[in-house]
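my_file-v1.cif (mmCIF, C-alpha atoms) appears below.
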data_upload
loop_
_atom_site.label_atom_id
_atom_site.label_comp_id
_atom_site.auth_asym_id
_atom_site.auth_seq_id
_atom_site.Cartn_x
_atom_site.Cartn_y
_atom_site.Cartn_z
CA MET B 1 0.00 0.00 0.00
CA LYS B 2 1.35 3.38 -0.96
CA PRO B 3 1.42 6.12 1.70
CA ILE B 4 -0.90 9.09 1.97
CA ILE B 5 1.09 12.31 1.91
CA HIS B 6 -0.16 14.93 4.36
CA LEU B 7 0.58 18.51 3.34
CA ILE B 8 0.95 20.58 6.53
CA GLY B 9 1.35 24.36 6.55
CA LEU B 10 3.50 25.92 9.27
CA PRO B 11 2.89 29.69 9.15
CA THR B 12 5.62 30.94 11.47
CA ASP B 13 8.73 33.06 11.17
CA GLN B 14 9.25 34.00 14.83
CA ASN B 15 12.79 32.59 14.69
CA SER B 16 13.85 34.43 11.54
CA SER B 17 16.98 36.50 12.05
CA PHE B 18 16.94 39.09 9.29
CA ALA B 19 13.58 39.62 7.62
CA ARG B 20 10.24 38.16 8.60
CA GLY B 21 7.78 37.06 5.95
CA ALA B 22 8.20 33.29 5.78
CA ALA B 23 4.98 32.86 7.76
CA LEU B 24 3.17 33.89 4.57
CA ALA B 25 4.75 31.07 2.58
CA PRO B 26 2.27 28.19 3.01
CA ALA B 27 -0.55 30.21 1.45
CA ALA B 28 1.68 31.36 -1.42
CA ILE B 29 2.87 27.82 -2.15
CA ARG B 30 -0.67 26.45 -2.11
CA ALA B 31 -1.81 29.18 -4.49
CA ALA B 32 0.91 28.13 -6.92
CA LEU B 33 0.31 24.41 -6.39
CA TRP B 34 -3.41 24.55 -7.17
CA SER B 35 -3.20 27.29 -9.82
CA ASP B 36 -4.65 26.66 -13.28
CA ARG B 37 -1.35 27.93 -14.75
CA GLY B 38 -0.06 24.37 -14.53
CA ASN B 39 -1.17 20.86 -13.65
CA LEU B 40 -0.52 18.32 -10.91
CA PHE B 41 1.60 15.88 -12.87
CA THR B 42 5.17 15.13 -11.81
CA GLN B 43 8.25 14.31 -13.88
CA SER B 44 7.62 10.62 -13.28
CA GLY B 45 4.19 10.89 -14.91
CA HIS B 46 2.34 10.40 -11.63
CA GLU B 47 -0.38 12.89 -10.78
CA ILE B 48 -0.96 14.42 -7.36
CA GLY B 49 -4.33 13.34 -6.00
CA THR B 50 -4.84 10.63 -8.61
CA ASP B 51 -1.80 8.36 -8.63
CA ILE B 52 -0.27 9.92 -5.54
CA ALA B 53 -2.49 9.84 -2.43
CA PHE B 54 -2.38 13.40 -1.14
CA LYS B 55 -4.29 15.19 1.61
CA ASP B 56 -3.92 18.90 2.32
CA LEU B 57 -4.43 19.41 6.07
CA GLY B 58 -4.23 23.19 5.82
CA ASP B 59 -2.21 25.34 8.19
CA LEU B 60 -1.63 24.53 11.84
CA PRO B 61 -2.92 27.14 14.33
CA LEU B 62 0.53 28.31 15.38
CA THR B 63 0.88 31.28 17.71
CA ASP B 64 4.00 32.60 15.90
CA VAL B 65 5.08 34.11 19.24
CA ASP B 66 5.44 31.15 21.63
CA CYS B 67 8.05 28.77 20.22
CA ALA B 68 7.55 26.03 22.83
CA ALA B 69 3.79 26.02 22.28
CA ASP B 70 4.23 25.93 18.51
CA ASP B 71 6.77 23.11 18.76
CA ALA B 72 4.20 21.09 20.70
CA ILE B 73 1.52 21.77 18.06
CA ILE B 74 3.87 20.71 15.26
CA LYS B 75 4.95 17.54 17.06
CA GLN B 76 1.33 16.58 17.70
CA ALA B 77 0.37 17.11 14.05
CA VAL B 78 3.30 15.01 12.83
CA THR B 79 2.45 12.27 15.32
CA GLU B 80 -1.19 12.27 14.22
CA THR B 81 -0.07 11.98 10.60
CA MET B 82 2.07 8.96 11.45
CA ASP B 83 -0.81 7.43 13.40
CA ALA B 84 -2.92 7.75 10.25
CA CYS B 85 -0.18 6.00 8.20
CA GLY B 86 0.62 9.30 6.50
CA ILE B 87 3.90 10.95 5.57
CA PRO B 88 4.25 14.63 6.57
CA LEU B 89 5.29 17.06 3.84
CA SER B 90 5.53 20.38 5.64
CA LEU B 91 5.56 23.91 4.28
CA GLY B 92 7.48 26.45 6.33
CA GLY B 93 7.77 28.93 7.69
CA ASP B 94 11.35 29.49 8.64
CA HIS B 95 13.81 26.62 9.02
CA ALA B 96 13.36 26.43 12.79
CA VAL B 97 10.29 24.26 12.16
CA THR B 98 12.47 21.35 11.07
CA TYR B 99 13.52 20.64 14.66
CA PRO B 100 10.09 19.69 16.10
CA ILE B 101 9.19 17.78 12.92
CA VAL B 102 12.33 15.65 13.12
CA ALA B 103 11.94 15.21 16.89
CA ALA B 104 8.47 13.74 16.41
CA LEU B 105 9.59 11.48 13.57
CA ALA B 106 12.66 10.25 15.46
CA ALA B 107 10.50 9.40 18.47
CA ARG B 108 8.69 6.91 16.23
CA HIS B 109 11.37 5.76 13.79
CA GLY B 110 14.58 6.27 15.74
CA PRO B 111 17.41 8.53 14.54
CA LEU B 112 17.00 9.62 10.93
CA ASN B 113 19.28 10.14 7.98
CA ILE B 114 18.77 13.68 6.73
CA LEU B 115 19.37 15.17 3.29
CA HIS B 116 19.48 18.94 3.67
CA PHE B 117 19.57 21.47 0.81
CA ASP B 118 20.66 24.95 1.87
CA ALA B 119 23.04 27.83 1.25
CA HIS B 120 23.74 27.75 4.99
CA PRO B 121 24.51 24.84 7.32
CA ASP B 122 22.09 26.03 10.05
CA ILE B 123 24.19 24.49 12.82
CA TYR B 124 24.95 27.53 14.98
CA ALA B 125 25.05 26.68 18.67
CA ASP B 126 22.78 29.69 18.81
CA PHE B 127 22.38 32.69 16.58
CA GLU B 128 22.11 36.20 18.01
CA GLY B 129 21.38 34.64 21.40
CA ASN B 130 18.51 32.48 20.11
CA PRO B 131 19.16 28.72 20.34
CA ARG B 132 15.94 28.09 18.38
CA SER B 133 16.97 30.41 15.55
CA HIS B 134 16.33 29.33 11.98
CA ALA B 135 20.13 29.26 11.79
CA SER B 136 20.30 26.56 14.51
CA PRO B 137 17.79 23.73 13.90
CA PHE B 138 20.35 21.11 12.94
CA ALA B 139 22.44 21.82 16.03
CA ARG B 140 19.34 21.07 18.12
CA ILE B 141 18.60 17.93 16.08
CA LEU B 142 22.16 16.61 16.36
CA GLU B 143 22.65 17.33 20.03
CA ALA B 144 19.37 15.52 20.78
CA GLY B 145 20.55 12.45 18.88
CA HIS B 146 17.71 12.63 16.34
CA ALA B 147 20.00 12.10 13.33
CA THR B 148 22.40 9.31 12.47
CA ARG B 149 23.70 11.06 9.37
CA LEU B 150 23.30 14.62 8.09
CA VAL B 151 24.33 15.38 4.52
CA GLN B 152 24.16 19.04 3.48
CA VAL B 153 24.09 20.07 -0.18
CA GLY B 154 24.54 23.55 -1.62
CA VAL B 155 26.36 25.18 1.30
CA ARG B 156 28.39 28.23 0.28
CA THR B 157 28.56 30.39 3.42
CA LEU B 158 30.49 28.21 5.86
CA ASN B 159 32.11 30.31 8.59
CA THR B 160 34.59 29.23 11.26
CA HIS B 161 32.00 28.52 13.96
CA CYS B 162 29.83 26.41 11.68
CA ARG B 163 32.89 24.56 10.39
CA GLU B 164 33.74 23.67 13.99
CA GLN B 165 30.15 22.60 14.62
CA ALA B 166 30.20 20.40 11.52
CA GLU B 167 33.38 18.71 12.73
CA ARG B 168 31.91 18.28 16.20
CA TYR B 169 28.80 16.52 14.91
CA ASN B 170 30.36 14.76 11.90
CA VAL B 171 28.17 16.64 9.44
CA GLU B 172 28.88 15.81 5.79
CA ILE B 173 28.91 19.10 3.92
CA ILE B 174 29.04 19.02 0.13
CA PRO B 175 29.86 22.63 -0.80
CA MET B 176 28.97 24.40 -3.99
CA LEU B 177 32.62 24.93 -4.89
CA ASN B 178 33.24 22.50 -7.79
CA PHE B 179 29.87 20.87 -7.07
CA GLN B 180 28.76 17.79 -9.00
CA THR B 181 25.63 15.78 -8.27
CA ALA B 182 27.77 12.61 -8.27
CA GLN B 183 29.30 13.81 -5.00
CA VAL B 184 26.01 13.36 -3.14
CA PRO B 185 25.50 9.89 -1.68
CA ALA B 186 22.31 7.87 -1.77
CA LEU B 187 21.28 7.74 1.87
CA GLU B 188 19.67 4.83 3.67
CA GLY B 189 16.33 5.09 5.43
CA PRO B 190 14.64 6.26 7.45
CA LEU B 191 15.26 9.34 5.32
CA TYR B 192 14.16 12.92 5.94
CA ILE B 193 14.49 15.63 3.28
CA SER B 194 14.73 19.31 4.17
CA ILE B 195 14.78 21.90 1.38
CA ASP B 196 15.64 25.48 2.22
CA LEU B 197 14.80 27.43 -0.91
CA ASP B 198 17.88 29.64 -0.56
CA GLY B 199 19.91 26.55 -1.42
CA ILE B 200 18.79 27.25 -4.98
CA ASP B 201 20.55 30.05 -6.84
CA PRO B 202 18.64 33.34 -6.43
CA SER B 203 18.41 33.65 -10.22
CA GLU B 204 15.91 30.76 -10.03
CA ALA B 205 14.49 31.35 -6.55
CA PRO B 206 14.76 35.03 -5.60
CA GLY B 207 12.03 35.08 -2.95
CA VAL B 208 14.11 34.33 0.14
CA ALA B 209 15.35 36.45 3.03
CA HIS B 210 19.00 35.41 2.64
CA PRO B 211 19.79 35.12 -1.09
CA GLU B 212 23.26 33.78 -1.77
CA PRO B 213 24.61 33.76 -5.35
CA GLY B 214 26.27 30.70 -6.79
CA GLY B 215 23.72 28.13 -5.71
CA LEU B 216 22.11 24.97 -6.99
CA THR B 217 20.03 24.93 -10.11
CA ILE B 218 16.60 23.40 -9.79
CA ARG B 219 17.72 20.66 -12.17
CA GLU B 220 20.70 19.83 -9.92
CA LEU B 221 18.45 19.64 -6.87
CA LEU B 222 16.02 17.33 -8.68
CA SER B 223 18.92 15.15 -9.85
CA VAL B 224 20.10 14.75 -6.27
CA LEU B 225 16.58 13.83 -5.19
CA ALA B 226 16.40 11.24 -7.97
CA LYS B 227 19.41 9.44 -6.46
CA GLN B 228 17.53 8.80 -3.22
CA LYS B 229 15.83 5.40 -3.17
CA ALA B 230 15.37 4.93 0.59
CA HIS B 231 12.15 4.97 2.58
CA ILE B 232 11.22 8.64 3.19
CA VAL B 233 9.55 9.39 6.53
CA GLY B 234 9.00 13.10 5.97
CA ALA B 235 10.10 16.28 4.23
CA ASP B 236 9.87 20.02 4.45
CA ILE B 237 10.18 22.99 2.10
CA VAL B 238 11.05 26.16 3.98
CA GLU B 239 12.16 29.79 3.86
CA LEU B 240 10.06 31.14 1.01
CA ASN B 241 9.56 34.82 1.74
CA PRO B 242 6.68 36.03 -0.48
CA THR B 243 7.42 39.67 0.36
CA ARG B 244 10.70 39.30 -1.54
CA ASP B 245 9.46 37.15 -4.42
CA VAL B 246 9.37 38.29 -8.04
CA ASN B 247 6.25 37.41 -10.07
CA ASP B 248 5.67 34.42 -7.73
CA ILE B 249 8.70 32.66 -9.25
CA THR B 250 9.88 31.16 -5.97
CA ALA B 251 6.39 30.11 -4.92
CA ILE B 252 6.08 28.29 -8.26
CA VAL B 253 9.45 26.62 -7.63
CA ALA B 254 8.27 25.54 -4.18
CA ALA B 255 5.06 24.10 -5.63
CA LYS B 256 7.15 22.18 -8.18
CA LEU B 257 9.20 20.76 -5.33
CA VAL B 258 6.05 19.76 -3.44
CA ARG B 259 5.03 17.70 -6.46
CA GLU B 260 8.43 16.14 -7.00
CA VAL B 261 9.08 15.32 -3.34
CA ALA B 262 5.60 13.79 -3.17
CA ALA B 263 6.44 11.70 -6.22
CA HIS B 264 9.62 10.39 -4.58
CA ILE B 265 7.73 9.50 -1.42
CA HIS B 266 5.21 7.66 -3.58
CA GLN B 267 7.93 5.83 -5.50
CA ASN B 268 10.16 4.98 -2.56
CA ASN B 269 7.66 3.99 0.11
CA ASP B 270 5.73 0.76 0.19
CA GLN B 271 3.79 0.27 3.41
CA SER B 272 2.47 -3.18 2.54
#
What does this structure look like when you write it as C-alpha cells?
Amino acid sequence: MKPIIHLIGLPTDQNSSFARGAALAPAAIRAALWSDRGNLFTQSGHEIGTDIAFKDLGDLPLTDVDCAADDAIIKQAVTETMDACGIPLSLGGDHAVTYPIVAALAARHGPLNILHFDAHPDIYADFEGNPRSHASPFARILEAGHATRLVQVGVRTLNTHCREQAERYNVEIIPMLNFQTAQVPALEGPLYISIDLDGIDPSEAPGVAHPEPGGLTIRELLSVLAKQKAHIVGADIVELNPTRDVNDITAIVAAKLVREVAAHIHQNNDQS
C-alpha cells in the first residue's frame, strides 16, 4: 500500500533572524500548487491526488510568538499523521520548524538520515542569542541524537564557527565549490528531506530572506533527489519569503518541489 502524503502548513517566522515574511509562505505555495497555470503531474508521470495519495491538512494554528507552544503543536500534528499511516510534507515557515518535525519522527522511527539542501549549514550553537533560531535547527537535532547522518548540499557560506560545529557533529557538507551531483550519496532510510529554498541560486528562486549567489540549479536539486531510493519518513520545504518574491517565481518553484518530493515519497515507500 502506498502512503498518503499529508501537506501541513507551518505559518511561522518567529525565529527568523533578518527579515520576517516566511509565515506567509504556506498560502503562497498552495496558491501556486493549485493554480490553473499548470497541472498536478510530476516528472515521473504520476499525478498528485490521482496516482499519488495526497491530503492537504491546511495550516496549523501556530501562535507565531510562543516557540515552545508551537513546537508542541507541530509535534502533535506530525504524530497524528504517522498514526494515520501518513507521511508529513511540511511547508514552512522558517527553518526552525524542522527541529520539532524531526523530533516527532525520530520518536517513532529512531534517529533519521537527513538530506538537507541549503546555502547555509544552520548548525549555529545559537544565533544572536537564540538557540531556536532558523540558523540553529540542525544543532538542536544533532545534540538531541535525532539524526544518524546529516548530509548538506549547496552550502556556500560556511564560517569558522559552523565549520567547527560540523566537525563536532560529523556533518557531511558538500559545498557548492566544484559541485557535481555525483558527490552526493544515496542515503539509507529512514530518510528525511529538508529543502531550504535559498539553497537554490537566487536567479531561479529570488524570494528568500537570505539570497546567496552561486547556488544549486533546480535541475541539480532534482537530480540529487532522484538518487535517493530509501524509505522517506517526511520532508519540508522552507524559507520562502513572499514579500521578496518576483512574479511568484519562488512560490512556483516551491510548488514544483512539493510535487516532486511527493512523487519520490510515492515511488520509494511501500507500506504493505
**OP:** Could you tell me how far atom CA of B:His116 lies from atom CA of B:Ala72, in Å and to one decimal?
**Re:**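 Spanning atom CA of B:His116 to atom CA of B:Ala72 is a straight-line distance of 23.0 Å.
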Original post:
Skipping near chain neighbours, those fewer than 4 positions away, what residues fall within 8 Å of stretch 20-34 of chain B using all atoms listed in the file, listed as a ChimeraX atom specification?
Top reply: /B:9-14,16,39-40,59,91-94,209,238-243,248,251-252,254-256,258
**OP:** List, as number ranges by chain, every residue that the PyMOL selection byres ((chain B and resi 192-203) around 6) selects in the file provided.
**Re:** B: 114-119, 154, 191, 204-206, 211, 213-217, 232-239
Residues at most 12 Å from B:Met1, counting only C-alpha atoms, excluding those fewer than 5 positions away in the same chain, as a CSV table (one decimal) with C-alpha atoms, in the coordinates of the input?
chain,number,residue,atom,x,y,z
B,52,ILE,CA,-0.3,9.9,-5.5
B,53,ALA,CA,-2.5,9.8,-2.4
B,85,CYS,CA,-0.2,6.0,8.2
B,86,GLY,CA,0.6,9.3,6.5
B,266,HIS,CA,5.2,7.7,-3.6
B,267,GLN,CA,7.9,5.8,-5.5
B,268,ASN,CA,10.2,5.0,-2.6
B,269,ASN,CA,7.7,4.0,0.1
B,270,ASP,CA,5.7,0.8,0.2
B,271,GLN,CA,3.8,0.3,3.4
B,272,SER,CA,2.5,-3.2,2.5
Explicit residue set for the PyMOL selection byres ((chain B and resi 176) around 6), as a PDB file with C-alpha atoms, keeping the file's coordinate frame:
ATOM      1  CA  GLY B 154      24.540  23.550  -1.620  1.00  0.00           C
ATOM      2  CA  VAL B 155      26.360  25.180   1.300  1.00  0.00           C
ATOM      3  CA  ARG B 156      28.390  28.230   0.280  1.00  0.00           C
ATOM      4  CA  PRO B 175      29.860  22.630  -0.800  1.00  0.00           C
ATOM      5  CA  LEU B 177      32.620  24.930  -4.890  1.00  0.00           C
ATOM      6  CA  PHE B 179      29.870  20.870  -7.070  1.00  0.00           C
TER       7      PHE B 179
END
With a distance cut-off of 12 Å and all atoms listed in the file, select the neighbouring residues of B:Tyr169, excluding the residue or stretch itself and same-chain residues fewer than 2 positions from it, and output the selection as a compact mmCIF listing (two decimals) with C-alpha atoms, in the frame of the given file.
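Now in selection_23.txt:
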# COMPACT_ATOMS: atom_id res chain seq x y z
CA ILE B 123 24.19 24.49 12.82
CA TYR B 124 24.95 27.53 14.98
CA ALA B 125 25.05 26.68 18.67
CA PHE B 138 20.35 21.11 12.94
CA ALA B 139 22.44 21.82 16.03
CA ARG B 140 19.34 21.07 18.12
CA ILE B 141 18.60 17.93 16.08
CA LEU B 142 22.16 16.61 16.36
CA GLU B 143 22.65 17.33 20.03
CA ALA B 144 19.37 15.52 20.78
CA GLY B 145 20.55 12.45 18.88
CA HIS B 146 17.71 12.63 16.34
CA ALA B 147 20.00 12.10 13.33
CA THR B 148 22.40 9.31 12.47
CA ARG B 149 23.70 11.06 9.37
CA LEU B 150 23.30 14.62 8.09
CA VAL B 151 24.33 15.38 4.52
CA CYS B 162 29.83 26.41 11.68
CA ARG B 163 32.89 24.56 10.39
CA GLU B 164 33.74 23.67 13.99
CA GLN B 165 30.15 22.60 14.62
CA ALA B 166 30.20 20.40 11.52
CA GLU B 167 33.38 18.71 12.73
CA VAL B 171 28.17 16.64 9.44
CA GLU B 172 28.88 15.81 5.79
CA ILE B 173 28.91 19.10 3.92
**OP:** Considering all atoms listed in the file, state which residue in the set B:Leu57, B:Ala226, B:Arg244, B:Gly189 is at the smallest distance from B:Gly110.
**Re:**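 The closest residue to B:Gly110 is B:Gly189.
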**OP:** Name every residue that the PyMOL selection byres ((chain B and resi 55) around 12) selects in this structure, writing the answer as a list in words with chains first and numbers rising.
**Re:**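 For this structure, the PyMOL selection byres ((chain B and resi 55) around 12) resolves to Pro3, Ile4, Ile5, His6, Leu7, Ile8, Gly9, Ile48, Gly49, Thr50, Ile52, Ala53, Phe54, Asp56, Leu57, Gly58, Thr81, Ala84, Gly86, Ile87, Pro88, Leu89, Ser90 and Ala262 of chain B.
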Subject >> Gap from atom CA of B:Val97 to atom CA of B:Val184 - Å, one decimal >> reply: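 Interatomic distance, atom CA of B:Val97 to atom CA of B:Val184: 24.5 Å.
Between atom CA of B:Glu47 and atom CA of B:Glu260 the separation is 10.1 Å.
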Subject >> Residue among B:His46, B:Lys2, B:His264, B:His134 lying closest to B:Ser223, counting all atoms listed in the file >> reply: B:His264
Test item: axis-aligned box, all listed atoms of stretch 185-193 of chain B, 4 Å on each side, centre and edges in Å rounded to one decimal, as lines of an AutoDock Vina configuration file:
center_x = 19.8
center_y = 10.2
center_z = 2.8
size_x = 19.3
size_y = 18.8
size_z = 17.2
Original post:
Between B:Ile74, B:Leu257, B:Ala186, B:Ala68, which one has atoms that come closest to B:His231, using only C-alpha atoms?
Top reply: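 The answer is B:Ala186, which sits nearest to B:His231.
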File output for stretch 251-266 of chain B (N, CA, C and O atoms) as a PDB file, in the first residue's frame:
ATOM      1  N   ALA B 251       7.558  30.889  -5.329  1.00  0.00           N
ATOM      2  CA  ALA B 251       6.393  30.107  -4.917  1.00  0.00           C
ATOM      3  C   ALA B 251       6.112  28.999  -5.930  1.00  0.00           C
ATOM      4  O   ALA B 251       5.753  27.867  -5.556  1.00  0.00           O
ATOM      5  N   ILE B 252       6.280  29.298  -7.205  1.00  0.00           N
ATOM      6  CA  ILE B 252       6.083  28.285  -8.258  1.00  0.00           C
ATOM      7  C   ILE B 252       7.147  27.202  -8.144  1.00  0.00           C
ATOM      8  O   ILE B 252       6.853  26.005  -8.301  1.00  0.00           O
ATOM      9  N   VAL B 253       8.384  27.600  -7.858  1.00  0.00           N
ATOM     10  CA  VAL B 253       9.449  26.619  -7.629  1.00  0.00           C
ATOM     11  C   VAL B 253       9.087  25.722  -6.440  1.00  0.00           C
ATOM     12  O   VAL B 253       9.225  24.492  -6.505  1.00  0.00           O
ATOM     13  N   ALA B 254       8.626  26.327  -5.362  1.00  0.00           N
ATOM     14  CA  ALA B 254       8.268  25.543  -4.178  1.00  0.00           C
ATOM     15  C   ALA B 254       7.146  24.565  -4.484  1.00  0.00           C
ATOM     16  O   ALA B 254       7.167  23.411  -4.025  1.00  0.00           O
ATOM     17  N   ALA B 255       6.162  24.996  -5.252  1.00  0.00           N
ATOM     18  CA  ALA B 255       5.064  24.100  -5.633  1.00  0.00           C
ATOM     19  C   ALA B 255       5.576  22.954  -6.486  1.00  0.00           C
ATOM     20  O   ALA B 255       5.131  21.803  -6.345  1.00  0.00           O
ATOM     21  N   LYS B 256       6.518  23.241  -7.382  1.00  0.00           N
ATOM     22  CA  LYS B 256       7.148  22.182  -8.180  1.00  0.00           C
ATOM     23  C   LYS B 256       7.827  21.159  -7.267  1.00  0.00           C
ATOM     24  O   LYS B 256       7.706  19.940  -7.463  1.00  0.00           O
ATOM     25  N   LEU B 257       8.508  21.653  -6.253  1.00  0.00           N
ATOM     26  CA  LEU B 257       9.203  20.762  -5.334  1.00  0.00           C
ATOM     27  C   LEU B 257       8.222  19.958  -4.488  1.00  0.00           C
ATOM     28  O   LEU B 257       8.504  18.803  -4.147  1.00  0.00           O
ATOM     29  N   VAL B 258       7.090  20.541  -4.134  1.00  0.00           N
ATOM     30  CA  VAL B 258       6.053  19.765  -3.444  1.00  0.00           C
ATOM     31  C   VAL B 258       5.675  18.559  -4.294  1.00  0.00           C
ATOM     32  O   VAL B 258       5.609  17.420  -3.807  1.00  0.00           O
ATOM     33  N   ARG B 259       5.418  18.800  -5.572  1.00  0.00           N
ATOM     34  CA  ARG B 259       5.028  17.697  -6.457  1.00  0.00           C
ATOM     35  C   ARG B 259       6.121  16.641  -6.574  1.00  0.00           C
ATOM     36  O   ARG B 259       5.854  15.439  -6.503  1.00  0.00           O
ATOM     37  N   GLU B 260       7.353  17.093  -6.761  1.00  0.00           N
ATOM     38  CA  GLU B 260       8.433  16.143  -6.999  1.00  0.00           C
ATOM     39  C   GLU B 260       8.809  15.376  -5.736  1.00  0.00           C
ATOM     40  O   GLU B 260       9.114  14.180  -5.799  1.00  0.00           O
ATOM     41  N   VAL B 261       8.818  16.039  -4.587  1.00  0.00           N
ATOM     42  CA  VAL B 261       9.078  15.316  -3.336  1.00  0.00           C
ATOM     43  C   VAL B 261       7.960  14.309  -3.081  1.00  0.00           C
ATOM     44  O   VAL B 261       8.214  13.165  -2.686  1.00  0.00           O
ATOM     45  N   ALA B 262       6.719  14.717  -3.324  1.00  0.00           N
ATOM     46  CA  ALA B 262       5.595  13.787  -3.168  1.00  0.00           C
ATOM     47  C   ALA B 262       5.766  12.579  -4.080  1.00  0.00           C
ATOM     48  O   ALA B 262       5.485  11.434  -3.680  1.00  0.00           O
ATOM     49  N   ALA B 263       6.237  12.802  -5.292  1.00  0.00           N
ATOM     50  CA  ALA B 263       6.443  11.696  -6.225  1.00  0.00           C
ATOM     51  C   ALA B 263       7.503  10.733  -5.716  1.00  0.00           C
ATOM     52  O   ALA B 263       7.365   9.506  -5.849  1.00  0.00           O
ATOM     53  N   HIS B 264       8.568  11.264  -5.108  1.00  0.00           N
ATOM     54  CA  HIS B 264       9.616  10.390  -4.584  1.00  0.00           C
ATOM     55  C   HIS B 264       9.124   9.604  -3.372  1.00  0.00           C
ATOM     56  O   HIS B 264       9.476   8.429  -3.209  1.00  0.00           O
ATOM     57  N   ILE B 265       8.327  10.244  -2.531  1.00  0.00           N
ATOM     58  CA  ILE B 265       7.731   9.501  -1.415  1.00  0.00           C
ATOM     59  C   ILE B 265       6.875   8.365  -1.957  1.00  0.00           C
ATOM     60  O   ILE B 265       6.939   7.226  -1.487  1.00  0.00           O
ATOM     61  N   HIS B 266       6.072   8.665  -2.958  1.00  0.00           N
ATOM     62  CA  HIS B 266       5.210   7.659  -3.579  1.00  0.00           C
ATOM     63  C   HIS B 266       6.021   6.519  -4.177  1.00  0.00           C
ATOM     64  O   HIS B 266       5.675   5.331  -4.002  1.00  0.00           O
TER      65      HIS B 266
END
